[in-house]
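Dumped query22.cif below, it's mmCIF, C-alpha atoms:
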data_data
loop_
_atom_site.label_atom_id
_atom_site.label_comp_id
_atom_site.auth_asym_id
_atom_site.auth_seq_id
_atom_site.Cartn_x
_atom_site.Cartn_y
_atom_site.Cartn_z
CA MET A 1 17.91 30.76 -7.38
CA GLY A 2 19.14 33.14 -10.08
CA ASP A 3 22.12 34.03 -7.90
CA LEU A 4 22.92 30.34 -7.45
CA ILE A 5 22.89 29.77 -11.20
CA ASN A 6 25.16 32.79 -11.75
CA ARG A 7 27.60 31.49 -9.14
CA CYS A 8 27.68 28.06 -10.78
CA GLU A 9 28.29 29.58 -14.21
CA ASP A 10 31.10 31.83 -12.95
CA ASP A 11 34.30 29.97 -13.83
CA GLU A 12 36.31 32.06 -11.35
CA LEU A 13 34.19 30.90 -8.40
CA GLN A 14 35.25 27.35 -7.58
CA ILE A 15 32.85 26.84 -4.67
CA TYR A 16 30.26 24.32 -3.61
CA ASN A 17 26.65 25.49 -4.04
CA ALA A 18 23.65 23.96 -2.31
CA LEU A 19 19.99 24.80 -2.00
CA LEU A 20 17.99 23.55 1.02
CA VAL A 21 14.20 23.61 0.72
CA GLU A 22 11.96 22.79 3.67
CA GLU A 23 8.50 21.35 3.01
CA PRO A 24 7.50 23.16 -0.20
CA GLU A 25 4.08 21.48 0.05
CA ALA A 26 3.26 23.87 2.93
CA HIS A 27 2.88 26.66 0.38
CA LEU A 28 2.04 24.93 -2.91
CA HIS A 29 -0.88 22.81 -4.12
CA PRO A 30 0.01 19.53 -5.93
CA GLN A 31 0.11 20.99 -9.45
CA TYR A 32 2.49 23.79 -8.39
CA GLN A 33 4.56 21.25 -6.46
CA ASN A 34 5.09 19.44 -9.78
CA THR A 35 6.05 22.67 -11.57
CA PHE A 36 8.42 23.68 -8.76
CA PHE A 37 10.02 20.25 -8.71
CA GLN A 38 10.60 20.31 -12.47
CA TYR A 39 12.37 23.66 -12.08
CA LEU A 40 14.57 22.28 -9.30
CA ASN A 41 15.62 19.41 -11.57
CA LYS A 42 16.76 21.94 -14.18
CA LEU A 43 18.59 23.90 -11.48
CA GLN A 44 20.37 20.77 -10.33
CA SER A 45 21.76 20.25 -13.83
CA THR A 46 23.68 23.54 -13.47
CA GLY A 47 25.74 22.14 -10.61
CA VAL A 48 23.68 23.05 -7.53
CA GLN A 49 23.11 20.24 -5.04
CA ILE A 50 19.53 20.32 -3.79
CA PHE A 51 18.12 18.96 -0.52
CA ILE A 52 14.35 18.83 0.02
CA THR A 53 12.65 17.79 3.24
CA SER A 54 9.05 16.85 2.65
CA HIS A 55 5.98 14.96 3.83
CA SER A 56 4.43 15.13 0.36
CA PRO A 57 3.74 11.92 -1.58
CA THR A 58 3.33 14.16 -4.64
CA ILE A 59 7.00 15.18 -4.45
CA THR A 60 8.08 11.64 -3.58
CA ALA A 61 6.25 10.26 -6.62
CA LYS A 62 8.03 12.76 -8.88
CA SER A 63 11.48 12.07 -7.45
CA ASN A 64 14.03 9.60 -8.70
CA PHE A 65 13.64 7.14 -5.84
CA GLU A 66 17.36 6.37 -5.96
CA ASN A 67 17.83 9.86 -4.46
CA ILE A 68 15.28 9.38 -1.66
CA THR A 69 16.24 8.90 1.97
CA VAL A 70 13.33 7.95 4.22
CA LEU A 71 13.62 8.86 7.91
CA GLN A 72 11.37 6.73 10.12
CA VAL A 73 10.74 6.76 13.84
CA GLN A 74 10.23 3.30 15.32
CA ASN A 75 10.51 2.56 19.06
CA ASN A 76 11.74 6.14 19.69
CA LYS A 77 14.63 5.64 17.29
CA VAL A 78 15.15 7.45 13.99
CA SER A 79 16.35 5.15 11.21
CA PRO A 80 17.26 6.10 7.62
CA PHE A 81 16.39 3.98 4.60
CA CYS A 82 18.14 4.69 1.29
CA PHE A 83 17.40 2.99 -2.01
CA SER A 84 21.00 3.61 -3.00
CA ARG A 85 22.11 1.02 -0.43
CA LEU A 86 20.29 -1.77 -2.28
CA GLY A 87 22.56 -3.58 -4.72
CA LEU A 88 21.36 -5.02 -8.03
CA ASP A 89 21.76 -8.54 -6.67
CA GLU A 90 19.04 -7.91 -4.05
CA PHE A 91 16.95 -5.22 -5.76
CA THR A 92 17.12 -5.94 -9.47
CA THR A 93 16.64 -3.66 -12.47
CA ARG A 94 13.20 -5.29 -12.91
CA ASN A 95 12.28 -4.34 -9.32
CA ARG A 96 13.48 -0.78 -9.87
CA ASN A 97 11.63 -0.37 -13.16
CA HIS A 98 8.40 -1.63 -11.62
CA LEU A 99 8.57 0.89 -8.78
CA LYS A 100 9.39 3.71 -11.20
CA LYS A 101 6.16 2.87 -13.05
CA PHE A 102 3.88 2.27 -10.12
CA LEU A 103 5.08 4.48 -7.25
CA ASP A 104 2.38 7.08 -7.84
CA THR A 105 1.08 9.63 -5.35
CA THR A 106 -1.13 7.05 -3.63
CA LYS A 107 1.44 4.27 -3.28
CA SER A 108 4.19 6.71 -2.23
CA LYS A 109 2.26 7.21 1.01
CA LEU A 110 3.88 4.01 2.26
CA PHE A 111 7.10 5.99 2.91
CA PHE A 112 5.30 8.16 5.48
CA ALA A 113 3.32 5.42 7.25
CA ASN A 114 3.87 3.76 10.63
CA GLY A 115 2.99 0.47 8.95
CA VAL A 116 1.83 -0.79 5.57
CA ILE A 117 -0.73 -3.37 4.41
CA LEU A 118 -0.36 -4.42 0.77
CA VAL A 119 -3.53 -5.72 -0.90
CA GLU A 120 -4.51 -7.02 -4.34
CA GLY A 121 -7.37 -4.74 -5.28
CA ILE A 122 -9.93 -2.05 -4.59
CA ALA A 123 -12.30 -4.33 -2.64
CA GLU A 124 -9.63 -5.11 -0.02
CA ALA A 125 -8.58 -1.46 0.19
CA ILE A 126 -12.16 -0.37 0.88
CA LEU A 127 -13.34 -3.15 3.19
CA ILE A 128 -10.30 -3.81 5.39
CA LEU A 129 -10.21 -0.18 6.51
CA ILE A 130 -13.85 -0.17 7.63
CA ILE A 131 -13.76 -3.72 9.05
CA SER A 132 -10.73 -2.86 11.17
CA GLN A 133 -12.31 0.29 12.56
CA ILE A 134 -15.78 -1.05 13.35
CA PHE A 135 -15.21 -4.69 14.32
CA LEU A 136 -11.61 -4.81 15.56
CA GLY A 137 -11.43 -1.36 17.14
CA PHE A 138 -8.36 -0.19 15.20
CA ASP A 139 -8.67 3.11 13.32
CA LEU A 140 -5.88 2.53 10.81
CA ASP A 141 -5.90 6.14 9.59
CA LYS A 142 -5.36 7.51 13.10
CA LEU A 143 -2.71 4.89 13.79
CA GLY A 144 -0.77 5.88 10.66
CA ILE A 145 -1.27 2.57 8.86
CA GLU A 146 -1.46 2.80 5.07
CA ILE A 147 -3.37 0.27 2.96
CA VAL A 148 -1.71 0.16 -0.47
CA ASN A 149 -3.63 -1.33 -3.38
CA ILE A 150 -1.07 -2.66 -5.87
CA ASN A 151 -3.78 -3.60 -8.40
CA GLY A 152 -2.59 -7.17 -8.87
CA VAL A 153 -0.26 -9.68 -7.30
CA ALA A 154 3.18 -8.20 -8.08
CA PHE A 155 4.10 -8.04 -4.40
CA GLU A 156 7.79 -8.88 -4.84
CA HIS A 157 8.85 -5.35 -5.80
CA PHE A 158 7.29 -3.80 -2.69
CA ALA A 159 8.16 -6.72 -0.39
CA LYS A 160 11.87 -6.14 -0.94
CA LEU A 161 11.59 -2.77 0.78
CA PHE A 162 10.80 -4.57 4.07
CA ASN A 163 12.27 -8.09 4.09
CA ASN A 164 16.03 -7.62 3.71
CA SER A 165 18.03 -9.37 6.43
CA ASP A 166 20.34 -6.34 6.67
CA VAL A 167 18.69 -3.75 8.93
CA LYS A 168 20.30 -0.94 6.90
CA LYS A 169 18.62 -2.17 3.72
CA ARG A 170 15.00 -2.31 4.80
CA MET A 171 12.28 0.02 6.03
CA SER A 172 12.01 0.05 9.82
CA SER A 173 8.20 0.00 9.73
CA ARG A 174 6.30 -3.27 9.41
CA CYS A 175 4.43 -4.49 6.36
CA SER A 176 1.90 -7.25 5.85
CA ILE A 177 0.71 -8.70 2.56
CA ILE A 178 -2.89 -9.89 2.26
CA THR A 179 -3.39 -12.09 -0.78
CA ASP A 180 -5.65 -14.91 -1.95
CA SER A 181 -4.72 -18.59 -1.81
CA ASP A 182 -6.71 -19.15 -5.03
CA PRO A 183 -7.34 -22.89 -4.41
CA LYS A 184 -8.08 -24.99 -7.45
CA GLY A 185 -9.12 -28.64 -7.47
CA ASP A 186 -7.12 -30.60 -4.91
CA LYS A 187 -4.52 -27.84 -4.61
CA PRO A 188 -5.38 -25.66 -1.54
CA ILE A 189 -2.74 -23.00 -2.30
CA SER A 190 -1.76 -21.79 -5.76
CA ASP A 191 1.86 -21.64 -6.91
CA ARG A 192 1.59 -17.85 -6.95
CA ALA A 193 0.46 -17.79 -3.31
CA ILE A 194 3.28 -20.16 -2.30
CA LYS A 195 5.73 -17.79 -3.98
CA ALA A 196 4.23 -14.87 -2.04
CA GLN A 197 4.73 -16.78 1.22
CA GLY A 198 8.42 -16.96 0.38
CA TYR A 199 8.71 -13.17 0.71
CA GLU A 200 8.03 -13.35 4.45
CA ASN A 201 11.09 -12.24 6.40
CA GLU A 202 12.10 -9.65 9.01
CA ASN A 203 9.57 -6.76 8.85
CA LEU A 204 7.31 -8.48 6.31
CA LYS A 205 4.48 -10.91 7.08
CA VAL A 206 2.34 -12.71 4.47
CA CYS A 207 -1.27 -13.53 5.39
CA LEU A 208 -3.09 -15.81 2.95
CA ALA A 209 -6.85 -15.79 2.54
CA PRO A 210 -8.12 -19.42 2.47
CA ASN A 211 -9.92 -18.50 -0.77
CA THR A 212 -10.61 -14.86 -1.68
CA LEU A 213 -11.76 -11.86 0.37
CA GLU A 214 -15.48 -11.91 -0.46
CA TYR A 215 -15.69 -15.72 -0.31
CA ASP A 216 -14.06 -15.86 3.12
CA LEU A 217 -16.08 -12.95 4.52
CA PHE A 218 -19.30 -14.62 3.34
CA ASN A 219 -18.53 -17.98 4.97
CA GLU A 220 -17.29 -16.55 8.27
CA SER A 221 -20.72 -16.47 9.96
CA VAL A 222 -24.49 -16.58 9.48
CA ILE A 223 -24.67 -12.81 10.03
CA ASN A 224 -22.01 -12.25 7.36
CA LYS A 225 -24.02 -14.32 4.86
CA SER A 226 -27.23 -12.44 5.61
CA VAL A 227 -25.62 -9.00 5.27
CA MET A 228 -23.73 -9.79 2.08
CA ARG A 229 -26.76 -11.42 0.44
CA PHE A 230 -28.82 -8.33 1.23
CA VAL A 231 -26.19 -5.94 -0.19
CA TYR A 232 -25.78 -7.89 -3.42
CA ARG A 233 -29.53 -8.28 -3.93
CA CYS A 234 -29.86 -4.49 -3.65
CA LEU A 235 -27.33 -4.15 -6.46
CA HIS A 236 -29.38 -6.43 -8.73
CA LEU A 237 -33.02 -6.08 -7.74
CA GLN A 238 -34.27 -7.50 -11.04
CA THR A 239 -32.33 -10.80 -10.84
CA PRO A 240 -34.74 -13.62 -9.84
CA ASP A 241 -32.14 -16.24 -8.84
CA LEU A 242 -30.78 -13.90 -6.16
CA LEU A 243 -34.05 -14.19 -4.22
CA MET A 244 -32.90 -17.61 -3.02
CA ASP A 245 -30.31 -17.98 -0.24
CA PHE A 246 -27.37 -18.22 -2.62
CA ASN A 247 -23.97 -19.49 -1.44
CA ALA A 248 -20.42 -18.08 -1.67
CA ASP A 249 -19.74 -19.73 -5.04
CA THR A 250 -22.78 -18.02 -6.56
CA LEU A 251 -21.70 -14.68 -5.10
CA MET A 252 -18.22 -15.00 -6.61
CA GLU A 253 -19.69 -16.01 -9.98
CA LYS A 254 -21.96 -12.96 -9.98
CA LEU A 255 -19.22 -10.58 -8.89
CA LYS A 256 -16.97 -11.82 -11.67
CA SER A 257 -19.56 -11.93 -14.44
CA ASN A 258 -21.07 -8.53 -13.60
CA GLN A 259 -17.67 -6.92 -12.92
CA ASP A 260 -19.05 -5.07 -9.92
CA LYS A 261 -16.63 -6.02 -7.14
CA GLY A 262 -15.85 -2.36 -6.50
CA ASP A 263 -19.53 -1.34 -6.29
CA PHE A 264 -20.28 -4.29 -4.02
CA ALA A 265 -17.37 -3.38 -1.71
CA LEU A 266 -18.55 0.24 -1.45
CA ASP A 267 -22.15 -0.75 -0.71
CA LEU A 268 -21.04 -3.39 1.80
CA ALA A 269 -18.77 -0.87 3.55
CA ASN A 270 -21.70 1.54 3.92
CA LYS A 271 -23.97 -1.24 5.20
CA LEU A 272 -21.42 -2.42 7.79
CA LYS A 273 -21.69 0.92 9.59
CA ASP A 274 -25.15 -0.21 10.76
CA VAL A 275 -24.37 -3.87 11.45
CA GLU A 276 -23.46 -5.66 14.69
CA GLY A 277 -21.81 -9.07 14.99
CA PHE A 278 -20.09 -9.16 11.60
CA GLU A 279 -17.17 -11.60 11.90
CA VAL A 280 -13.63 -10.89 10.68
CA PRO A 281 -11.51 -13.73 9.22
CA ASP A 282 -8.38 -14.56 11.22
CA TYR A 283 -5.95 -13.77 8.41
CA ILE A 284 -7.15 -10.15 8.20
CA GLU A 285 -6.90 -9.69 11.96
CA LYS A 286 -3.37 -11.16 12.00
CA ALA A 287 -2.23 -8.87 9.18
CA ILE A 288 -3.49 -5.80 11.03
CA LYS A 289 -2.05 -6.83 14.39
CA TRP A 290 1.32 -7.54 12.75
CA VAL A 291 1.76 -3.98 11.49
CA LEU A 292 0.53 -2.61 14.82
CA LYS A 293 3.03 -4.77 16.76
CA ILE A 294 0.49 -6.02 19.27
CA GLU A 295 -0.38 -9.29 21.03
CA GLU A 296 1.06 -12.55 19.72
CA ASN A 297 2.52 -10.98 16.58
CA VAL A 298 5.01 -8.67 18.34
#
Since I need it in another form, could you write the structure as structure tokens?
Amino acid sequence: MGDLINRCEDDELQIYNALLVEEPEAHLHPQYQNTFFQYLNKLQSTGVQIFITSHSPTITAKSNFENITVLQVQNNKVSPFCFSRLGLDEFTTRNRNHLKKFLDTTKSKLFFANGVILVEGIAEAILILIISQIFLGFDLDKLGIEIVNINGVAFEHFAKLFNNSDVKKRMSSRCSIITDSDPKGDKPISDRAIKAQGYENENLKVCLAPNTLEYDLFNESVINKSVMRFVYRCLHLQTPDLLMDFNADTLMEKLKSNQDKGDFALDLANKLKDVEGFEVPDYIEKAIKWVLKIEENV
């Protein structure tokens, strides 16, 4: 690297200088990957062009995504996806700024996945993985499917990576969005959910929950009700009104007021390992089958 810098600073040498680095993560833990990457950025400012091949979401998260080219294998064909191909008219400054803020090490895993499921929160991220494995027979980890928790409903910025009508301007893997309908009064689908439906195109499918995840799981079957009542009672053993066979509305009220959706999801996931006959709502099954390219969703 010192020789490269000297060559770039030598005014008599008018030559092109490049540095090619293959998978630095094979030799460096995440903290040293960050340090190494910072040094490479300084080196690039001297005039050296740098190429890095990597499977590391740590390096991807630290990169300027405008410089990233993602190589994906789909149907035995290698396809490149470059952010630089997306114009401002289709991928706005607002979209870019959002990804710069939120493409952390966890979310950057979507670039290495065979398929992606985008969800609203931690409960979905925990439960869909275990539900798929135990009750649908799909081990999403082994199949290379990444569940990405975007911590909210700002799906637009991620959706645009998959739904462009131009094949050169979208990821070749499939993506599904699982989000709540959030019905209120006589309105079965909220304006926000209708907007999310509008993102569906090409490699992107939007699957709306009739209500919310916990509500829909609870009402799917008698067994579901029994299991979820038991799990929530164990979280709050000293609450008298939970001794009754409470309904889905009561469950949602308690989850919201006690702010323990994450704890409930973890405890439910552990309980489901010992349960038979737990039913999976259709919208979750469709979202999973879409990214796997199987049955009626191919």
For Ala209 of chain A, find every residue with an atom within 12 Å (counting all atoms listed in the file), except residues of its own chain fewer than 6 positions away, and show them as a PyMOL selection string. chain A and resi 119-120+124+177-183+188-190+193+197+215-217+220+280-287
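Take atom CA of Asp139 of chain A and atom CA of Thr106 of chain A: the distance between them is 19.0 Å.
Nearest residue to Leu268 of chain A among A:Ser226, A:Gln72, A:Gln44, A:Thr250 is A:Ser226, counting all atoms listed in the file.
Of the residues under consideration (A:His55, A:Arg96, A:Arg7, A:Lys273), A:His55 shows the shortest atom-to-atom contact distance to Glu23 of chain A when counting all atoms listed in the file.
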Spell out the residues picked by the PyMOL selection byres ((chain A and resi 143-155) around 8) here, as an mmCIF file with C-alpha atoms, in the frame of the given file.
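To be explicit, this is the file written out as selection.cif:
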data_model
loop_
_atom_site.group_PDB
_atom_site.id
_atom_site.type_symbol
_atom_site.label_atom_id
_atom_site.label_comp_id
_atom_site.auth_asym_id
_atom_site.auth_seq_id
_atom_site.Cartn_x
_atom_site.Cartn_y
_atom_site.Cartn_z
ATOM 1 C CA THR A 106 -1.130 7.050 -3.630
ATOM 2 C CA LYS A 107 1.440 4.270 -3.280
ATOM 3 C CA LYS A 109 2.260 7.210 1.010
ATOM 4 C CA LEU A 110 3.880 4.010 2.260
ATOM 5 C CA ALA A 113 3.320 5.420 7.250
ATOM 6 C CA ASN A 114 3.870 3.760 10.630
ATOM 7 C CA GLY A 115 2.990 0.470 8.950
ATOM 8 C CA VAL A 116 1.830 -0.790 5.570
ATOM 9 C CA ILE A 117 -0.730 -3.370 4.410
ATOM 10 C CA LEU A 118 -0.360 -4.420 0.770
ATOM 11 C CA VAL A 119 -3.530 -5.720 -0.900
ATOM 12 C CA GLU A 120 -4.510 -7.020 -4.340
ATOM 13 C CA GLY A 121 -7.370 -4.740 -5.280
ATOM 14 C CA ILE A 122 -9.930 -2.050 -4.590
ATOM 15 C CA GLU A 124 -9.630 -5.110 -0.020
ATOM 16 C CA ALA A 125 -8.580 -1.460 0.190
ATOM 17 C CA LEU A 129 -10.210 -0.180 6.510
ATOM 18 C CA PHE A 138 -8.360 -0.190 15.200
ATOM 19 C CA ASP A 139 -8.670 3.110 13.320
ATOM 20 C CA LEU A 140 -5.880 2.530 10.810
ATOM 21 C CA ASP A 141 -5.900 6.140 9.590
ATOM 22 C CA LYS A 142 -5.360 7.510 13.100
ATOM 23 C CA GLU A 156 7.790 -8.880 -4.840
ATOM 24 C CA HIS A 157 8.850 -5.350 -5.800
ATOM 25 C CA PHE A 158 7.290 -3.800 -2.690
ATOM 26 C CA ALA A 159 8.160 -6.720 -0.390
ATOM 27 C CA ILE A 177 0.710 -8.700 2.560
ATOM 28 C CA THR A 179 -3.390 -12.090 -0.780
ATOM 29 C CA ALA A 196 4.230 -14.870 -2.040
ATOM 30 C CA VAL A 291 1.760 -3.980 11.490
#
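Distance check against Leu161 of chain A using all atoms listed in the file: of A:Lys289, A:Lys62, A:Lys261, A:Arg174, the minimum falls on A:Arg174.
Comparing the minimum interatomic distances between Met1 of chain A and each of A:Leu127, A:Leu71, A:Ala269, A:Leu19, counting only C-alpha atoms, we find that A:Leu19 sits nearest.
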Place a sphere of radius 9 Å on (18.5, 19.6, 0.6) in the file coordinates and name every protein, DNA or RNA residue with an atom inside or on its surface, counting all atoms listed in the file; give the answer as an NGL selection string. :A and (18-22 or 49-53)
